[in-house]
Amino acid sequence: LPRRLQIEFSQVIQQITDTTGKELSAAESKLWIVPVDGGEKRQVSPADAETVAYNAAVFAGDGRSAFVVTDRGAEFLDVRRLDLQTRALTGLKTSAKGDVAELALSADGRWLAFTVVQDAARTLHLLDTRSGKERTDLKTPAGDTSGLQWHPSGELGFHVQSARIPWDVFSYDPKTNVSTRWTTSETGTLKPEEMREYETIRWRSFDGLQISGIL
């Protein structure tokens with residue numbers, strides 16, 4: 001039957017109460033499967049005593065699992081595979097070191113694209129769900145990446161913003177490892193090629209943790 005994933009969470013203007021009568025905090029959420037024909041929804045996220053957040057979810061190609069973004073047992077929001085029957089979460093082997101901002105799965109279920117907040121910008125990552133390996137040779141433009149969306153042809157569309165790219169649309173073909181630029185924003189008298197790219201700076205905070213920023 002047709003179904004969709006639904007994330008239940010609380011917002012500042014609305015407090016959501018789950019089926020046990022417990023109020024959810026702003027940092028807590030639960031994942032449900034909801035039949036689109038109006039049937040009864042079913043919680044598929046694990047039952048936790050700790051506060052856990054789920055920020056995004058997509059069905060996997062096998063129909064038995066889903067890829068979700070969660071901070072369960074971790075410092076950052078990362079991508080896991082969720083078994084929709086057992087409610088077990090399995091970590092994925094990626095190079096991500098930061099919060100996952102969004103994710104999108106290709107129509108054939110093979111490629112999982114997601115962005116990770118690193119050094120004050122969202123970087124693009126691509127995971128081959130068949131082999132479980134991340135593609136590390138992506139030839140995509142540098143900059144803050146967002147708006148991930150797969151085309152039926154198998155290409156990934158996205159936006160990029162940087163000092164030299166005001167806000168433009170690109171596509172990436174995983175078969176050829178080639179990116180194509182589709183728009184060129186108007187910049188008036190400014191010449192983007194003469195603009196200096198952002199520089200990432202890093203320093204230690206009072207507690208020894210490394211902080212990054214853009215100059």
# chains A, B, ... in the order shown; residues from 1 in each chain; ligands from 1
call {"tool": "residues_around", "arguments": {"residues": "stretch 59-62 of chain A", "least_positions_apart": "2", "cutoff": "12 Å", "atoms": "only C-alpha atoms", "output": "PDB file with N, CA and C atoms, in the first residue's frame"}}
result
ATOM      1  N   PRO A   2       0.428   2.337  -0.640  1.00  0.00           N
ATOM      2  CA  PRO A   2       1.181   3.583  -0.606  1.00  0.00           C
ATOM      3  C   PRO A   2       1.355   4.056   0.831  1.00  0.00           C
ATOM      4  N   ARG A   3       2.515   4.580   1.149  1.00  0.00           N
ATOM      5  CA  ARG A   3       2.779   5.022   2.508  1.00  0.00           C
ATOM      6  C   ARG A   3       3.801   6.153   2.471  1.00  0.00           C
ATOM      7  N   ARG A   4       3.915   6.849   3.568  1.00  0.00           N
ATOM      8  CA  ARG A   4       4.897   7.910   3.665  1.00  0.00           C
ATOM      9  C   ARG A   4       5.483   7.928   5.060  1.00  0.00           C
ATOM     10  N   LEU A   5       6.663   8.532   5.179  1.00  0.00           N
ATOM     11  CA  LEU A   5       7.313   8.685   6.468  1.00  0.00           C
ATOM     12  C   LEU A   5       6.944  10.041   7.040  1.00  0.00           C
ATOM     13  N   GLN A   6       6.679  10.078   8.314  1.00  0.00           N
ATOM     14  CA  GLN A   6       6.296  11.322   8.970  1.00  0.00           C
ATOM     15  C   GLN A   6       7.139  11.510  10.214  1.00  0.00           C
ATOM     16  N   TRP A  32       7.363   7.999  12.135  1.00  0.00           N
ATOM     17  CA  TRP A  32       6.200   7.150  11.954  1.00  0.00           C
ATOM     18  C   TRP A  32       6.020   6.796  10.484  1.00  0.00           C
ATOM     19  N   ILE A  33       5.381   5.659  10.214  1.00  0.00           N
ATOM     20  CA  ILE A  33       4.904   5.337   8.872  1.00  0.00           C
ATOM     21  C   ILE A  33       3.404   5.582   8.858  1.00  0.00           C
ATOM     22  N   ALA A  56      15.310  14.073   9.089  1.00  0.00           N
ATOM     23  CA  ALA A  56      14.958  13.762   7.704  1.00  0.00           C
ATOM     24  C   ALA A  56      14.873  12.247   7.562  1.00  0.00           C
ATOM     25  N   ALA A  57      14.108  11.783   6.558  1.00  0.00           N
ATOM     26  CA  ALA A  57      13.970  10.350   6.328  1.00  0.00           C
ATOM     27  C   ALA A  57      13.474  10.099   4.912  1.00  0.00           C
ATOM     28  N   ARG A  64      12.081  -2.132   2.669  1.00  0.00           N
ATOM     29  CA  ARG A  64      12.058  -2.676   4.032  1.00  0.00           C
ATOM     30  C   ARG A  64      12.798  -1.805   5.031  1.00  0.00           C
ATOM     31  N   SER A  65      13.473  -0.783   4.529  1.00  0.00           N
ATOM     32  CA  SER A  65      14.257   0.079   5.399  1.00  0.00           C
ATOM     33  C   SER A  65      14.157   1.518   4.924  1.00  0.00           C
ATOM     34  N   ALA A  66      14.757   2.409   5.698  1.00  0.00           N
ATOM     35  CA  ALA A  66      14.766   3.832   5.355  1.00  0.00           C
ATOM     36  C   ALA A  66      16.104   4.422   5.781  1.00  0.00           C
ATOM     37  N   PHE A  67      16.491   5.477   5.105  1.00  0.00           N
ATOM     38  CA  PHE A  67      17.668   6.232   5.516  1.00  0.00           C
ATOM     39  C   PHE A  67      17.168   7.432   6.313  1.00  0.00           C
ATOM     40  N   VAL A  68      17.716   7.603   7.511  1.00  0.00           N
ATOM     41  CA  VAL A  68      17.239   8.670   8.393  1.00  0.00           C
ATOM     42  C   VAL A  68      18.424   9.484   8.906  1.00  0.00           C
ATOM     43  N   ARG A  80      21.754   7.131   9.128  1.00  0.00           N
ATOM     44  CA  ARG A  80      21.690   5.720   9.506  1.00  0.00           C
ATOM     45  C   ARG A  80      20.667   5.008   8.618  1.00  0.00           C
ATOM     46  N   ARG A  81      20.780   3.686   8.578  1.00  0.00           N
ATOM     47  CA  ARG A  81      19.754   2.870   7.927  1.00  0.00           C
ATOM     48  C   ARG A  81      18.845   2.311   9.016  1.00  0.00           C
ATOM     49  N   LEU A  82      17.547   2.500   8.843  1.00  0.00           N
ATOM     50  CA  LEU A  82      16.563   2.060   9.833  1.00  0.00           C
ATOM     51  C   LEU A  82      15.758   0.897   9.280  1.00  0.00           C
ATOM     52  N   ASP A  83      15.765  -0.237   9.987  1.00  0.00           N
ATOM     53  CA  ASP A  83      14.932  -1.373   9.617  1.00  0.00           C
ATOM     54  C   ASP A  83      13.502  -1.065  10.058  1.00  0.00           C
ATOM     55  N   LEU A  84      12.572  -1.036   9.122  1.00  0.00           N
ATOM     56  CA  LEU A  84      11.209  -0.610   9.431  1.00  0.00           C
ATOM     57  C   LEU A  84      10.410  -1.644  10.220  1.00  0.00           C
ATOM     58  N   LEU A 103      19.164  15.107   2.788  1.00  0.00           N
ATOM     59  CA  LEU A 103      19.525  13.915   2.034  1.00  0.00           C
ATOM     60  C   LEU A 103      18.486  13.652   0.961  1.00  0.00           C
ATOM     61  N   ALA A 104      18.908  12.935  -0.082  1.00  0.00           N
ATOM     62  CA  ALA A 104      18.014  12.596  -1.190  1.00  0.00           C
ATOM     63  C   ALA A 104      18.500  11.292  -1.811  1.00  0.00           C
ATOM     64  N   LEU A 105      17.567  10.415  -2.144  1.00  0.00           N
ATOM     65  CA  LEU A 105      17.890   9.105  -2.708  1.00  0.00           C
ATOM     66  C   LEU A 105      17.486   9.063  -4.173  1.00  0.00           C
ATOM     67  N   SER A 106      18.374   8.524  -5.020  1.00  0.00           N
ATOM     68  CA  SER A 106      18.077   8.435  -6.448  1.00  0.00           C
ATOM     69  C   SER A 106      16.898   7.498  -6.694  1.00  0.00           C
ATOM     70  N   ALA A 107      16.252   7.653  -7.850  1.00  0.00           N
ATOM     71  CA  ALA A 107      15.035   6.889  -8.157  1.00  0.00           C
ATOM     72  C   ALA A 107      15.274   5.392  -8.146  1.00  0.00           C
ATOM     73  N   ASP A 108      16.469   4.948  -8.541  1.00  0.00           N
ATOM     74  CA  ASP A 108      16.766   3.516  -8.554  1.00  0.00           C
ATOM     75  C   ASP A 108      17.250   3.013  -7.208  1.00  0.00           C
ATOM     76  N   GLY A 109      17.345   3.902  -6.219  1.00  0.00           N
ATOM     77  CA  GLY A 109      17.734   3.519  -4.870  1.00  0.00           C
ATOM     78  C   GLY A 109      19.211   3.283  -4.677  1.00  0.00           C
ATOM     79  N   ARG A 110      20.018   3.546  -5.694  1.00  0.00           N
ATOM     80  CA  ARG A 110      21.444   3.251  -5.576  1.00  0.00           C
ATOM     81  C   ARG A 110      22.233   4.347  -4.867  1.00  0.00           C
ATOM     82  N   TRP A 111      21.975   5.605  -5.226  1.00  0.00           N
ATOM     83  CA  TRP A 111      22.817   6.689  -4.727  1.00  0.00           C
ATOM     84  C   TRP A 111      22.092   7.502  -3.662  1.00  0.00           C
ATOM     85  N   LEU A 112      22.750   7.648  -2.520  1.00  0.00           N
ATOM     86  CA  LEU A 112      22.231   8.481  -1.444  1.00  0.00           C
ATOM     87  C   LEU A 112      23.099   9.730  -1.353  1.00  0.00           C
ATOM     88  N   ASP A 128      27.196   5.029  -2.278  1.00  0.00           N
ATOM     89  CA  ASP A 128      26.680   3.940  -3.109  1.00  0.00           C
ATOM     90  C   ASP A 128      26.015   2.943  -2.160  1.00  0.00           C
ATOM     91  N   THR A 129      24.692   2.877  -2.169  1.00  0.00           N
ATOM     92  CA  THR A 129      23.985   2.023  -1.216  1.00  0.00           C
ATOM     93  C   THR A 129      24.177   0.539  -1.510  1.00  0.00           C
ATOM     94  N   ARG A 130      24.593   0.197  -2.723  1.00  0.00           N
ATOM     95  CA  ARG A 130      24.802  -1.210  -3.064  1.00  0.00           C
ATOM     96  C   ARG A 130      26.100  -1.739  -2.462  1.00  0.00           C
TER      97      ARG A 130
END
call {"tool": "atom_distance", "arguments": {"atom1": "atom CA of A:Gly188", "atom2": "atom CA of A:Leu148"}}
result
27.7 Å
call {"tool": "atom_distance", "arguments": {"atom1": "atom CA of A:Leu31", "atom2": "atom CA of A:Gln43"}}
result
5.9 Å
call {"tool": "closest_residue", "arguments": {"among": "A:Leu138, A:Ala163, A:Ala88, A:Ala47", "to": "A:Thr123", "atoms": "only C-alpha atoms"}}
result
A:Leu138
call {"tool": "atom_distance", "arguments": {"atom1": "atom CA of A:Val44", "atom2": "atom CA of A:Gly154"}}
result
29.0 Å
call {"tool": "residues_around", "arguments": {"residues": "stretch 177-183 of chain A", "least_positions_apart": "5", "cutoff": "12 Å", "atoms": "only C-alpha atoms", "output": "compact mmCIF listing (two decimals) with C-alpha atoms, in the first residue's frame"}}
result
# COMPACT_ATOMS: atom_id res chain seq x y z
CA LEU A 126 27.49 10.60 -2.16
CA ARG A 135 32.34 8.16 -3.41
CA THR A 136 35.33 10.33 -2.54
CA ASP A 137 36.26 11.67 -5.99
CA LEU A 138 33.25 13.93 -6.54
CA LYS A 139 33.89 16.56 -9.21
CA THR A 140 31.47 19.20 -7.99
CA PRO A 141 31.91 22.95 -7.49
CA ALA A 142 33.14 24.19 -4.14
CA GLY A 154 19.78 9.68 -12.75
CA GLU A 155 21.39 13.11 -12.34
CA LEU A 156 21.43 15.03 -9.08
CA GLY A 157 20.35 18.68 -9.08
CA PHE A 158 21.48 21.17 -6.43
CA HIS A 159 22.27 24.83 -5.67
CA VAL A 160 25.74 26.19 -4.97
CA GLN A 161 26.66 29.50 -3.38
CA ILE A 165 28.91 31.68 -7.55
CA PRO A 166 26.11 33.96 -6.26
CA TRP A 167 23.41 31.25 -6.20
CA ASP A 168 23.22 28.92 -9.18
CA VAL A 169 21.86 25.55 -10.23
CA PHE A 170 24.10 22.59 -11.07
CA SER A 171 23.60 18.93 -11.86
CA TYR A 172 25.91 15.99 -11.21
call {"tool": "closest_residue", "arguments": {"among": "A:Lys133, A:Trp203, A:Lys175, A:Asp99", "to": "A:Ser153", "atoms": "only C-alpha atoms"}}
result
A:Lys175
call {"tool": "select_by_dssp", "arguments": {"residues": "stretch 139-169 of chain A", "states": "strand (DSSP E)", "output": "number ranges by chain"}}
result
A: 144-150, 156-161, 168-169
call {"tool": "closest_residue", "arguments": {"among": "A:Glu28, A:Asp37, A:Asp71, A:Glu199", "to": "A:Ala121", "atoms": "only C-alpha atoms"}}
result
A:Glu199
call {"tool": "residues_around", "arguments": {"residues": "A:Asp119", "least_positions_apart": "3", "cutoff": "8 Å", "atoms": "only C-alpha atoms", "output": "number ranges by chain"}}
result
A: 200, 212-214
call {"tool": "write_last_selection", "arguments": {"atoms": "all heavy atoms", "output": "mmCIF file, in the first residue's frame"}}
result
data_model
loop_
_atom_site.group_PDB
_atom_site.id
_atom_site.type_symbol
_atom_site.label_atom_id
_atom_site.label_comp_id
_atom_site.auth_asym_id
_atom_site.auth_seq_id
_atom_site.Cartn_x
_atom_site.Cartn_y
_atom_site.Cartn_z
ATOM 1 N N THR A 200 38.687 29.654 5.136
ATOM 2 C CA THR A 200 38.292 29.064 6.406
ATOM 3 C C THR A 200 39.389 29.277 7.432
ATOM 4 O O THR A 200 40.561 28.983 7.184
ATOM 5 C CB THR A 200 38.029 27.556 6.249
ATOM 6 O OG1 THR A 200 36.995 27.349 5.286
ATOM 7 C CG2 THR A 200 37.604 26.944 7.579
ATOM 8 N N SER A 212 35.576 26.852 13.823
ATOM 9 C CA SER A 212 35.893 27.321 12.470
ATOM 10 C C SER A 212 34.971 28.455 12.069
ATOM 11 O O SER A 212 33.852 28.590 12.578
ATOM 12 C CB SER A 212 35.774 26.179 11.455
ATOM 13 O OG SER A 212 34.462 25.684 11.404
ATOM 14 N N GLY A 213 35.447 29.271 11.151
ATOM 15 C CA GLY A 213 34.656 30.376 10.643
ATOM 16 C C GLY A 213 35.123 30.731 9.235
ATOM 17 O O GLY A 213 36.104 30.168 8.720
ATOM 18 N N ILE A 214 34.411 31.628 8.611
ATOM 19 C CA ILE A 214 34.739 32.055 7.243
ATOM 20 C C ILE A 214 35.186 33.505 7.241
ATOM 21 O O ILE A 214 34.533 34.367 7.834
ATOM 22 C CB ILE A 214 33.527 31.874 6.306
ATOM 23 C CG1 ILE A 214 33.264 30.368 6.100
ATOM 24 C CG2 ILE A 214 33.768 32.533 4.963
ATOM 25 C CD1 ILE A 214 32.082 30.082 5.215
#
